[in-house]
>>> print(open('coords.tsv').read())   # TSV, N, CA and C atoms and all ligand atoms
chain	number	residue	atom	x	y	z
A	1	MET	N	13.65	-5.47	136.53
A	1	MET	CA	13.41	-6.39	137.64
A	1	MET	C	14.59	-7.37	137.72
A	2	SER	N	15.17	-7.48	138.87
A	2	SER	CA	16.32	-8.37	139.01
A	2	SER	C	15.88	-9.82	139.13
A	3	ALA	N	16.79	-10.72	138.85
A	3	ALA	CA	16.48	-12.14	138.98
A	3	ALA	C	16.13	-12.47	140.43
A	4	GLN	N	16.78	-11.77	141.35
A	4	GLN	CA	16.50	-12.04	142.75
A	4	GLN	C	15.04	-11.75	143.08
A	5	ARG	N	14.48	-10.73	142.46
A	5	ARG	CA	13.08	-10.43	142.73
A	5	ARG	C	12.15	-11.38	142.00
A	6	ILE	N	12.55	-11.86	140.84
A	6	ILE	CA	11.64	-12.70	140.06
A	6	ILE	C	11.50	-14.07	140.71
A	7	ILE	N	12.58	-14.65	141.12
A	7	ILE	CA	12.51	-16.00	141.68
A	7	ILE	C	12.81	-15.95	143.18
A	8	THR	N	11.78	-15.95	143.96
A	8	THR	CA	11.94	-16.06	145.40
A	8	THR	C	10.82	-16.95	145.90
A	9	THR	N	11.06	-18.22	145.90
A	9	THR	CA	9.97	-19.16	146.14
A	9	THR	C	9.92	-19.67	147.57
A	10	ARG	N	10.56	-18.97	148.49
A	10	ARG	CA	10.58	-19.44	149.87
A	10	ARG	C	9.16	-19.70	150.40
A	11	SER	N	8.28	-18.74	150.24
A	11	SER	CA	6.95	-18.92	150.80
A	11	SER	C	6.14	-19.94	150.03
A	12	ALA	N	6.31	-19.97	148.73
A	12	ALA	CA	5.62	-20.99	147.95
A	12	ALA	C	6.05	-22.38	148.41
A	13	ALA	N	7.33	-22.51	148.69
A	13	ALA	CA	7.83	-23.79	149.16
A	13	ALA	C	7.19	-24.14	150.49
A	14	THR	N	7.05	-23.14	151.34
A	14	THR	CA	6.46	-23.39	152.65
A	14	THR	C	5.00	-23.81	152.51
A	15	VAL	N	4.29	-23.11	151.64
A	15	VAL	CA	2.85	-23.36	151.51
A	15	VAL	C	2.57	-24.65	150.76
A	16	HIS	N	3.32	-24.90	149.69
A	16	HIS	CA	2.97	-26.00	148.80
A	16	HIS	C	3.93	-27.19	148.85
A	17	GLY	N	4.98	-27.07	149.62
A	17	GLY	CA	5.92	-28.16	149.69
A	17	GLY	C	6.84	-28.26	148.50
A	18	PHE	N	7.06	-27.14	147.78
A	18	PHE	CA	7.94	-27.16	146.63
A	18	PHE	C	9.40	-27.19	147.06
A	19	THR	N	10.25	-27.66	146.16
A	19	THR	CA	11.68	-27.50	146.33
A	19	THR	C	12.03	-26.07	145.94
A	20	ARG	N	12.81	-25.41	146.74
A	20	ARG	CA	13.11	-24.02	146.49
A	20	ARG	C	14.39	-23.88	145.68
A	21	THR	N	14.34	-23.03	144.66
A	21	THR	CA	15.52	-22.70	143.89
A	21	THR	C	15.79	-21.22	144.08
A	22	THR	N	16.94	-20.89	144.63
A	22	THR	CA	17.23	-19.50	144.97
A	22	THR	C	17.96	-18.80	143.84
A	23	ASN	N	17.47	-17.63	143.48
A	23	ASN	CA	18.19	-16.76	142.54
A	23	ASN	C	18.48	-17.41	141.20
A	24	HIS	N	17.62	-18.32	140.79
A	24	HIS	CA	17.78	-18.90	139.47
A	24	HIS	C	17.34	-17.87	138.43
A	25	GLU	N	18.13	-17.72	137.40
A	25	GLU	CA	17.80	-16.76	136.34
A	25	GLU	C	16.66	-17.33	135.49
A	26	PRO	N	15.51	-16.68	135.45
A	26	PRO	CA	14.40	-17.20	134.65
A	26	PRO	C	14.70	-17.08	133.16
A	27	THR	N	14.08	-17.94	132.38
A	27	THR	CA	14.27	-17.87	130.94
A	27	THR	C	13.50	-16.67	130.37
A	28	ALA	N	13.79	-16.36	129.11
A	28	ALA	CA	13.07	-15.27	128.43
A	28	ALA	C	11.58	-15.56	128.42
A	29	TRP	N	11.21	-16.83	128.26
A	29	TRP	CA	9.79	-17.18	128.25
A	29	TRP	C	9.12	-16.79	129.56
A	30	LEU	N	9.75	-17.15	130.67
A	30	LEU	CA	9.12	-16.86	131.96
A	30	LEU	C	9.10	-15.36	132.24
A	31	LYS	N	10.19	-14.68	131.92
A	31	LYS	CA	10.21	-13.23	132.10
A	31	LYS	C	9.07	-12.59	131.33
A	32	ASN	N	8.89	-13.05	130.07
A	32	ASN	CA	7.84	-12.50	129.23
A	32	ASN	C	6.46	-12.77	129.83
A	33	ARG	N	6.23	-13.98	130.29
A	33	ARG	CA	4.92	-14.31	130.87
A	33	ARG	C	4.65	-13.47	132.12
A	34	LEU	N	5.68	-13.25	132.93
A	34	LEU	CA	5.50	-12.45	134.14
A	34	LEU	C	5.24	-10.99	133.79
A	35	GLN	N	5.88	-10.51	132.72
A	35	GLN	CA	5.63	-9.13	132.27
A	35	GLN	C	4.20	-8.98	131.76
A	36	LEU	N	3.73	-9.98	130.99
A	36	LEU	CA	2.35	-9.94	130.50
A	36	LEU	C	1.36	-9.96	131.66
A	37	LEU	N	1.68	-10.79	132.66
A	37	LEU	CA	0.83	-10.90	133.84
A	37	LEU	C	0.77	-9.56	134.58
A	38	ALA	N	1.92	-8.94	134.75
A	38	ALA	CA	1.98	-7.65	135.44
A	38	ALA	C	1.16	-6.61	134.69
A	39	ALA	N	1.25	-6.64	133.35
A	39	ALA	CA	0.48	-5.69	132.53
A	39	ALA	C	-1.02	-5.93	132.69
A	40	ASP	N	-1.42	-7.21	132.71
A	40	ASP	CA	-2.84	-7.54	132.91
A	40	ASP	C	-3.32	-7.09	134.28
A	41	LEU	N	-2.48	-7.28	135.29
A	41	LEU	CA	-2.85	-6.85	136.65
A	41	LEU	C	-3.01	-5.34	136.70
A	42	ASP	N	-2.04	-4.63	136.11
A	42	ASP	CA	-2.10	-3.17	136.11
A	42	ASP	C	-3.32	-2.65	135.37
A	43	ALA	N	-3.71	-3.36	134.31
A	43	ALA	CA	-4.83	-2.92	133.48
A	43	ALA	C	-6.18	-3.36	134.05
A	44	GLY	N	-6.16	-4.10	135.14
A	44	GLY	CA	-7.40	-4.54	135.74
A	44	GLY	C	-8.07	-5.69	135.01
A	45	HIS	N	-7.29	-6.46	134.25
A	45	HIS	CA	-7.85	-7.58	133.48
A	45	HIS	C	-7.91	-8.88	134.27
A	46	VAL	N	-7.37	-8.85	135.48
A	46	VAL	CA	-7.34	-10.08	136.28
A	46	VAL	C	-8.42	-10.00	137.36
A	47	THR	N	-9.35	-10.93	137.33
A	47	THR	CA	-10.37	-10.99	138.37
A	47	THR	C	-9.85	-11.84	139.52
A	48	HIS	N	-10.53	-11.78	140.67
A	48	HIS	CA	-10.09	-12.63	141.79
A	48	HIS	C	-11.28	-13.21	142.52
A	49	CYS	N	-10.99	-14.09	143.44
A	49	CYS	CA	-12.02	-14.90	144.10
A	49	CYS	C	-12.87	-14.10	145.08
A	50	GLY	N	-12.44	-12.87	145.38
A	50	GLY	CA	-13.22	-12.07	146.33
A	50	GLY	C	-12.56	-11.92	147.69
A	51	HIS	N	-11.45	-12.63	147.86
A	51	HIS	CA	-10.77	-12.60	149.16
A	51	HIS	C	-9.42	-11.91	149.11
A	52	LEU	N	-9.14	-11.20	148.02
A	52	LEU	CA	-7.82	-10.57	147.85
A	52	LEU	C	-7.98	-9.05	147.79
A	53	ASN	N	-8.55	-8.51	148.82
A	53	ASN	CA	-8.85	-7.08	148.84
A	53	ASN	C	-7.83	-6.29	149.65
A	54	GLY	N	-6.56	-6.54	149.38
A	54	GLY	CA	-5.53	-5.78	150.06
A	54	GLY	C	-5.44	-6.07	151.54
A	55	ASN	N	-5.87	-7.26	151.94
A	55	ASN	CA	-5.86	-7.63	153.35
A	55	ASN	C	-4.63	-8.44	153.72
A	56	GLY	N	-3.65	-8.44	152.84
A	56	GLY	CA	-2.43	-9.18	153.14
A	56	GLY	C	-2.43	-10.61	152.62
A	57	ALA	N	-3.56	-11.09	152.12
A	57	ALA	CA	-3.61	-12.45	151.58
A	57	ALA	C	-2.76	-12.53	150.32
A	58	VAL	N	-2.07	-13.63	150.17
A	58	VAL	CA	-1.24	-13.84	148.99
A	58	VAL	C	-2.10	-14.37	147.85
A	59	GLY	N	-2.03	-13.73	146.69
A	59	GLY	CA	-2.78	-14.18	145.54
A	59	GLY	C	-2.04	-15.29	144.81
A	60	ILE	N	-2.79	-16.19	144.21
A	60	ILE	CA	-2.22	-17.29	143.45
A	60	ILE	C	-2.81	-17.25	142.05
A	61	ILE	N	-1.94	-17.28	141.04
A	61	ILE	CA	-2.38	-17.29	139.64
A	61	ILE	C	-1.70	-18.45	138.93
A	62	GLY	N	-2.48	-19.23	138.20
A	62	GLY	CA	-1.92	-20.30	137.39
A	62	GLY	C	-1.73	-19.79	135.97
A	63	LEU	N	-0.57	-20.06	135.38
A	63	LEU	CA	-0.33	-19.57	134.02
A	63	LEU	C	-1.27	-20.20	133.00
A	64	TRP	N	-1.95	-21.28	133.38
A	64	TRP	CA	-2.93	-21.89	132.48
A	64	TRP	C	-4.24	-21.09	132.48
A	65	ALA	N	-4.42	-20.20	133.43
A	65	ALA	CA	-5.62	-19.35	133.50
A	65	ALA	C	-5.21	-18.01	134.10
A	66	PRO	N	-4.39	-17.25	133.35
A	66	PRO	CA	-3.68	-16.11	133.94
A	66	PRO	C	-4.56	-14.90	134.28
A	67	ARG	N	-5.84	-14.97	133.99
A	67	ARG	CA	-6.67	-13.81	134.32
A	67	ARG	C	-7.57	-14.07	135.52
A	68	LYS	N	-7.21	-15.07	136.33
A	68	LYS	CA	-7.98	-15.38	137.53
A	68	LYS	C	-7.03	-15.59	138.69
A	69	ALA	N	-7.11	-14.71	139.70
A	69	ALA	CA	-6.30	-14.86	140.90
A	69	ALA	C	-7.18	-15.39	142.02
A	70	VAL	N	-6.61	-16.27	142.82
A	70	VAL	CA	-7.36	-16.83	143.94
A	70	VAL	C	-6.53	-16.78	145.21
A	71	CYS	N	-7.21	-16.88	146.35
A	71	CYS	CA	-6.51	-17.00	147.62
A	71	CYS	C	-6.21	-18.49	147.84
A	72	ARG	N	-5.49	-18.77	148.90
A	72	ARG	CA	-5.09	-20.15	149.17
A	72	ARG	C	-6.30	-21.08	149.29
A	73	ASP	N	-7.36	-20.58	149.91
A	73	ASP	CA	-8.54	-21.43	150.14
A	73	ASP	C	-9.36	-21.66	148.88
A	74	CYS	N	-9.13	-20.87	147.85
A	74	CYS	CA	-9.95	-20.96	146.63
A	74	CYS	C	-9.17	-21.57	145.46
A	75	GLN	N	-8.10	-22.29	145.74
A	75	GLN	CA	-7.29	-22.83	144.64
A	75	GLN	C	-8.08	-23.79	143.76
A	76	HIS	N	-9.13	-24.40	144.32
A	76	HIS	CA	-9.94	-25.31	143.50
A	76	HIS	C	-10.58	-24.58	142.32
A	77	LEU	N	-10.74	-23.24	142.45
A	77	LEU	CA	-11.38	-22.48	141.36
A	77	LEU	C	-10.51	-22.41	140.11
A	78	ILE	N	-9.20	-22.61	140.25
A	78	ILE	CA	-8.34	-22.59	139.07
A	78	ILE	C	-7.81	-23.99	138.75
A	79	GLY	N	-8.37	-24.98	139.41
A	79	GLY	CA	-7.95	-26.35	139.15
A	79	GLY	C	-8.37	-26.81	137.78
A	80	ILE	N	-7.54	-27.60	137.13
A	80	ILE	CA	-7.89	-28.17	135.83
A	80	ILE	C	-7.69	-29.67	135.91
A	81	GLN	N	-8.36	-30.39	135.02
A	81	GLN	CA	-8.32	-31.84	135.09
A	81	GLN	C	-8.08	-32.43	133.71
A	82	GLY	N	-7.90	-33.72	133.70
A	82	GLY	CA	-7.78	-34.44	132.43
A	82	GLY	C	-6.54	-34.03	131.65
A	83	ALA	N	-6.70	-33.97	130.32
A	83	ALA	CA	-5.56	-33.71	129.44
A	83	ALA	C	-4.93	-32.35	129.74
A	84	ALA	N	-5.75	-31.34	130.06
A	84	ALA	CA	-5.21	-30.01	130.33
A	84	ALA	C	-4.27	-30.04	131.53
A	85	ASP	N	-4.58	-30.90	132.48
A	85	ASP	CA	-3.77	-30.98	133.69
A	85	ASP	C	-2.44	-31.69	133.42
A	86	ARG	N	-2.31	-32.33	132.27
A	86	ARG	CA	-1.07	-33.03	131.92
A	86	ARG	C	-0.39	-32.37	130.73
A	87	THR	N	-0.73	-31.12	130.48
A	87	THR	CA	-0.15	-30.36	129.37
A	87	THR	C	0.77	-29.27	129.91
A	88	CYS	N	1.97	-29.20	129.35
A	88	CYS	CA	2.96	-28.21	129.78
A	88	CYS	C	2.49	-26.80	129.44
A	89	ASP	N	2.55	-25.90	130.42
A	89	ASP	CA	2.13	-24.52	130.18
A	89	ASP	C	3.17	-23.75	129.38
A	90	ARG	N	4.36	-24.32	129.25
A	90	ARG	CA	5.43	-23.60	128.57
A	90	ARG	C	5.50	-23.96	127.09
A	91	CYS	N	5.45	-25.27	126.78
A	91	CYS	CA	5.63	-25.69	125.38
A	91	CYS	C	4.41	-26.39	124.79
A	92	GLY	N	3.40	-26.67	125.63
A	92	GLY	CA	2.20	-27.32	125.13
A	92	GLY	C	2.31	-28.82	124.99
A	93	HIS	N	3.45	-29.39	125.42
A	93	HIS	CA	3.64	-30.84	125.33
A	93	HIS	C	2.68	-31.54	126.29
A	94	HIS	N	1.99	-32.57	125.79
A	94	HIS	CA	1.11	-33.36	126.64
A	94	HIS	C	1.85	-34.60	127.10
A	95	ASP	N	1.99	-34.74	128.40
A	95	ASP	CA	2.68	-35.90	128.96
A	95	ASP	C	1.68	-36.73	129.75
A	96	PRO	N	1.39	-37.94	129.27
A	96	PRO	CA	0.42	-38.77	129.98
A	96	PRO	C	0.79	-39.00	131.45
A	97	ALA	N	2.08	-38.92	131.75
A	97	ALA	CA	2.52	-39.14	133.13
A	97	ALA	C	2.30	-37.90	134.00
A	98	GLY	N	1.95	-36.78	133.35
A	98	GLY	CA	1.69	-35.56	134.11
A	98	GLY	C	2.84	-34.58	134.04
A	99	VAL	N	2.57	-33.34	134.40
A	99	VAL	CA	3.58	-32.30	134.42
A	99	VAL	C	3.90	-31.96	135.88
A	100	THR	N	5.01	-31.27	136.07
A	100	THR	CA	5.43	-30.90	137.42
A	100	THR	C	4.93	-29.50	137.74
A	101	LEU	N	4.24	-29.38	138.85
A	101	LEU	CA	3.76	-28.06	139.26
A	101	LEU	C	4.93	-27.27	139.84
A	102	SER	N	5.15	-26.08	139.27
A	102	SER	CA	6.24	-25.22	139.71
A	102	SER	C	5.67	-23.87	140.11
A	103	ALA	N	6.43	-23.12	140.89
A	103	ALA	CA	5.94	-21.83	141.37
A	103	ALA	C	7.06	-20.80	141.39
A	104	VAL	N	6.71	-19.56	141.08
A	104	VAL	CA	7.62	-18.44	141.30
A	104	VAL	C	6.84	-17.37	142.06
A	105	ARG	N	7.59	-16.53	142.75
A	105	ARG	CA	6.94	-15.46	143.54
A	105	ARG	C	7.53	-14.13	143.11
A	106	PRO	N	6.97	-13.51	142.05
A	106	PRO	CA	7.56	-12.29	141.50
A	106	PRO	C	7.49	-11.12	142.47
A	107	ILE	N	6.47	-11.07	143.28
A	107	ILE	CA	6.33	-10.05	144.33
A	107	ILE	C	5.80	-10.76	145.57
A	108	PRO	N	5.99	-10.20	146.75
A	108	PRO	CA	5.56	-10.91	147.97
A	108	PRO	C	4.07	-11.28	147.97
A	109	ALA	N	3.24	-10.49	147.31
A	109	ALA	CA	1.79	-10.73	147.37
A	109	ALA	C	1.28	-11.68	146.31
A	110	LEU	N	2.18	-12.28	145.52
A	110	LEU	CA	1.71	-13.10	144.41
A	110	LEU	C	2.58	-14.34	144.19
A	111	ILE	N	1.90	-15.48	144.07
A	111	ILE	CA	2.56	-16.72	143.69
A	111	ILE	C	2.02	-17.12	142.32
A	112	VAL	N	2.91	-17.40	141.39
A	112	VAL	CA	2.52	-17.80	140.04
A	112	VAL	C	2.85	-19.28	139.86
A	113	LEU	N	1.83	-20.06	139.53
A	113	LEU	CA	2.00	-21.50	139.36
A	113	LEU	C	2.02	-21.85	137.88
A	114	MET	N	2.73	-22.92	137.55
A	114	MET	CA	2.74	-23.41	136.17
A	114	MET	C	3.05	-24.90	136.18
A	115	GLY	N	2.46	-25.61	135.25
A	115	GLY	CA	2.77	-27.02	135.09
A	115	GLY	C	3.79	-27.17	133.98
A	116	LEU	N	4.91	-27.83	134.27
A	116	LEU	CA	5.99	-27.94	133.28
A	116	LEU	C	6.33	-29.40	133.00
A	117	CYS	N	6.58	-29.68	131.71
A	117	CYS	CA	7.08	-31.00	131.33
A	117	CYS	C	8.53	-31.12	131.82
A	118	ASP	N	9.09	-32.29	131.72
A	118	ASP	CA	10.44	-32.50	132.25
A	118	ASP	C	11.47	-31.58	131.60
A	119	ALA	N	11.37	-31.43	130.26
A	119	ALA	CA	12.35	-30.61	129.55
A	119	ALA	C	12.25	-29.15	129.99
A	120	CYS	N	11.03	-28.64	130.10
A	120	CYS	CA	10.85	-27.24	130.50
A	120	CYS	C	11.20	-27.03	131.97
A	121	GLN	N	10.92	-28.01	132.78
A	121	GLN	CA	11.27	-27.92	134.21
A	121	GLN	C	12.78	-27.75	134.35
A	122	ARG	N	13.54	-28.46	133.50
A	122	ARG	CA	15.01	-28.33	133.57
A	122	ARG	C	15.46	-26.93	133.14
A	123	LYS	N	14.71	-26.32	132.21
A	123	LYS	CA	15.09	-24.98	131.77
A	123	LYS	C	14.76	-23.94	132.82
A	124	GLU	N	13.65	-24.11	133.53
A	124	GLU	CA	13.20	-23.07	134.47
A	124	GLU	C	13.76	-23.25	135.87
A	125	ALA	N	14.23	-24.43	136.19
A	125	ALA	CA	14.75	-24.65	137.54
A	125	ALA	C	16.07	-25.40	137.45
A	126	ALA	N	17.15	-24.68	137.61
A	126	ALA	CA	18.47	-25.29	137.53
A	126	ALA	C	18.63	-26.32	138.64
A	127	LYS	N	19.17	-27.46	138.28
A	127	LYS	CA	19.34	-28.49	139.31
A	127	LYS	C	20.79	-28.95	139.31
A	201	ZN	ZN	-10.65	-16.88	147.93
A	202	ZN	ZN	7.29	-28.16	128.19
>>> encode(input="coords.tsv", output="structure tokens")
Amino acid sequence: MSAQRIITTRSAATVHGFTRTTNHEPTAWLKNRLQLLAADLDAGHVTHCGHLNGNGAVGIIGLWAPRKAVCRDCQHLIGIQGAADRTCDRCGHHDPAGVTLSAVRPIPALIVLMGLCDACQRKEAAK
């Protein structure tokens, strides 16, 4: 899988108001997580909200709950609160000020969200 295919956040930016980073090379950590996610999807280990039946809807998966995919209208189903919502999905660092929600779009039909601390955000999104 090329870097160009892994990081294409144009639509995520449109939907969620993210800053878009084009063709950024993902770290080994992110590549690995996306590979694990793809394997889980292929194996049928990922459930969904009921609205992602090949009708063109874009699925959304949070790396904090990687076995649950939701449509745009069901994002509340994967919402987390409190300390978990301020914990980095990459390194586990808890930041009382909160983590930055980031997104990658490995394939057109899927947006993968993750909350990153400042240090991990710098590693995953070149600025
Ligand atoms: Zn839904
Ligand atoms: Zn981190």
>>> residues_near_ligand(input="coords.tsv", ligand="ligand ZN 202 (chain A)", cutoff="9 Å", atoms="only C-alpha atoms and all ligand atoms", output="list in words")
Thr87, Cys88, Asp89, Arg90, Cys91, Gly92, His93, His94, Val99, Gly115, Leu116, Cys117, Asp118, Ala119, Cys120 and Gln121 of chain A
>>> atom_distance(input="coords.tsv", atom1="atom CA of Gln75 of chain A", atom2="atom CA of Thr47 of chain A")
13.7 Å
>>> residues_near_ligand(input="coords.tsv", ligand="ligand ZN 201 (chain A)", cutoff="8 Å", atoms="only N, CA and C atoms and all ligand atoms", output="list in words")
His48, Cys49, Gly50, His51, Leu52, Ala69, Val70, Cys71, Arg72, Asp73, Cys74 and Gln75 of chain A
>>> closest_residue(input="coords.tsv", among="A:Arg33, A:Ala65, A:Pro106, A:Asp95", to="Ile80 of chain A", atoms="only C-alpha atoms")
A:Ala65
>>> atom_distance(input="coords.tsv", atom1="atom N of Gly56 of chain A", atom2="atom C of Glu25 of chain A")
28.2 Å
>>> closest_residue(input="coords.tsv", among="A:Pro96, A:Pro108, A:Pro26, A:Gly62", to="Ala83 of chain A", atoms="all atoms listed in the file")
A:Pro96
>>> axis_aligned_box(input="coords.tsv", around="segment 41-45 of chain A", padding_each_side="6 Å", output="lines of an AutoDock Vina configuration file")
center_x = -5.1
center_y = -5.8
center_z = 135.1
size_x = 18.0
size_y = 18.2
size_z = 15.2
>>> atom_distance(input="coords.tsv", atom1="atom CA of Arg67 of chain A", atom2="atom C of Asp85 of chain A")
18.4 Å
>>> closest_residue(input="coords.tsv", among="A:Glu124, A:Ser102, A:Pro66, A:Ile107", to="Leu41 of chain A", atoms="only N, CA and C atoms")
A:Pro66
>>> closest_residue(input="coords.tsv", among="A:Ala125, A:Leu110, A:Leu101, A:Leu63", to="Asn32 of chain A", atoms="only C-alpha atoms")
A:Leu63
>>> select_by_dssp(input="coords.tsv", residues="segment 12-109 of chain A", states="alpha helix (DSSP H)", output="list in words")
Ala12, Ala13, Thr14, Val15, His16, Ala28, Trp29, Leu30, Lys31, Asn32, Arg33, Leu34, Gln35, Leu36, Leu37, Ala38, Ala39, Asp40, Leu41, Asp42, Gly82, Ala83, Ala84 and Asp85 of chain A
>>> closest_residue(input="coords.tsv", among="A:Gly82, A:Ile111, A:Val58, A:Leu36", to="Ala97 of chain A", atoms="only C-alpha atoms")
A:Gly82
>>> decode(input="coords.tsv", residues="segment 108-116 of chain A", atoms="all heavy atoms", output="JSON list (two decimals), in the first residue's frame")
[["chain", "number", "residue", "atom", "x", "y", "z"],
["A", 108, "PRO", "N", -11.38, 4.79, 0.25],
["A", 108, "PRO", "CA", -12.46, 5.80, 0.13],
["A", 108, "PRO", "C", -13.64, 5.53, 1.07],
["A", 108, "PRO", "O", -14.28, 6.48, 1.53],
["A", 108, "PRO", "CB", -12.89, 5.69, -1.33],
["A", 108, "PRO", "CG", -11.67, 5.21, -2.04],
["A", 108, "PRO", "CD", -10.99, 4.27, -1.07],
["A", 109, "ALA", "N", -13.92, 4.28, 1.39],
["A", 109, "ALA", "CA", -15.10, 3.95, 2.18],
["A", 109, "ALA", "C", -14.87, 3.98, 3.68],
["A", 109, "ALA", "O", -15.76, 3.65, 4.45],
["A", 109, "ALA", "CB", -15.62, 2.57, 1.78],
["A", 110, "LEU", "N", -13.67, 4.39, 4.11],
["A", 110, "LEU", "CA", -13.37, 4.30, 5.54],
["A", 110, "LEU", "C", -12.53, 5.48, 6.03],
["A", 110, "LEU", "O", -11.51, 5.83, 5.44],
["A", 110, "LEU", "CB", -12.59, 3.00, 5.82],
["A", 110, "LEU", "CG", -12.20, 2.75, 7.28],
["A", 110, "LEU", "CD1", -13.44, 2.55, 8.15],
["A", 110, "LEU", "CD2", -11.29, 1.54, 7.38],
["A", 111, "ILE", "N", -12.99, 6.06, 7.14],
["A", 111, "ILE", "CA", -12.22, 7.09, 7.84],
["A", 111, "ILE", "C", -11.83, 6.52, 9.19],
["A", 111, "ILE", "O", -12.67, 5.96, 9.90],
["A", 111, "ILE", "CB", -13.05, 8.38, 8.03],
["A", 111, "ILE", "CG1", -13.32, 9.03, 6.67],
["A", 111, "ILE", "CG2", -12.34, 9.36, 8.96],
["A", 111, "ILE", "CD1", -14.29, 10.20, 6.73],
["A", 112, "VAL", "N", -10.55, 6.60, 9.52],
["A", 112, "VAL", "CA", -10.05, 6.09, 10.80],
["A", 112, "VAL", "C", -9.66, 7.28, 11.67],
["A", 112, "VAL", "O", -8.84, 8.11, 11.28],
["A", 112, "VAL", "CB", -8.84, 5.16, 10.59],
["A", 112, "VAL", "CG1", -8.32, 4.66, 11.93],
["A", 112, "VAL", "CG2", -9.23, 3.97, 9.70],
["A", 113, "LEU", "N", -10.28, 7.34, 12.84],
["A", 113, "LEU", "CA", -10.02, 8.45, 13.77],
["A", 113, "LEU", "C", -9.11, 7.99, 14.90],
["A", 113, "LEU", "O", -9.13, 6.81, 15.29],
["A", 113, "LEU", "CB", -11.34, 8.93, 14.38],
["A", 113, "LEU", "CG", -12.42, 9.42, 13.43],
["A", 113, "LEU", "CD1", -13.67, 9.79, 14.23],
["A", 113, "LEU", "CD2", -11.94, 10.60, 12.62],
["A", 114, "MET", "N", -8.34, 8.93, 15.44],
["A", 114, "MET", "CA", -7.50, 8.62, 16.60],
["A", 114, "MET", "C", -7.25, 9.91, 17.36],
["A", 114, "MET", "O", -7.17, 10.98, 16.77],
["A", 114, "MET", "CB", -6.18, 7.98, 16.15],
["A", 114, "MET", "CG", -5.25, 8.92, 15.42],
["A", 114, "MET", "SD", -4.12, 8.10, 14.28],
["A", 114, "MET", "CE", -5.18, 7.97, 12.83],
["A", 115, "GLY", "N", -7.15, 9.78, 18.67],
["A", 115, "GLY", "CA", -6.79, 10.92, 19.50],
["A", 115, "GLY", "C", -5.31, 10.85, 19.80],
["A", 115, "GLY", "O", -4.83, 9.84, 20.28],
["A", 116, "LEU", "N", -4.58, 11.93, 19.49],
["A", 116, "LEU", "CA", -3.13, 11.92, 19.66],
["A", 116, "LEU", "C", -2.67, 13.05, 20.58],
["A", 116, "LEU", "O", -3.15, 14.17, 20.49],
["A", 116, "LEU", "CB", -2.44, 12.09, 18.30],
["A", 116, "LEU", "CG", -2.72, 11.00, 17.25],
["A", 116, "LEU", "CD1", -2.04, 11.37, 15.94],
["A", 116, "LEU", "CD2", -2.26, 9.64, 17.74]]
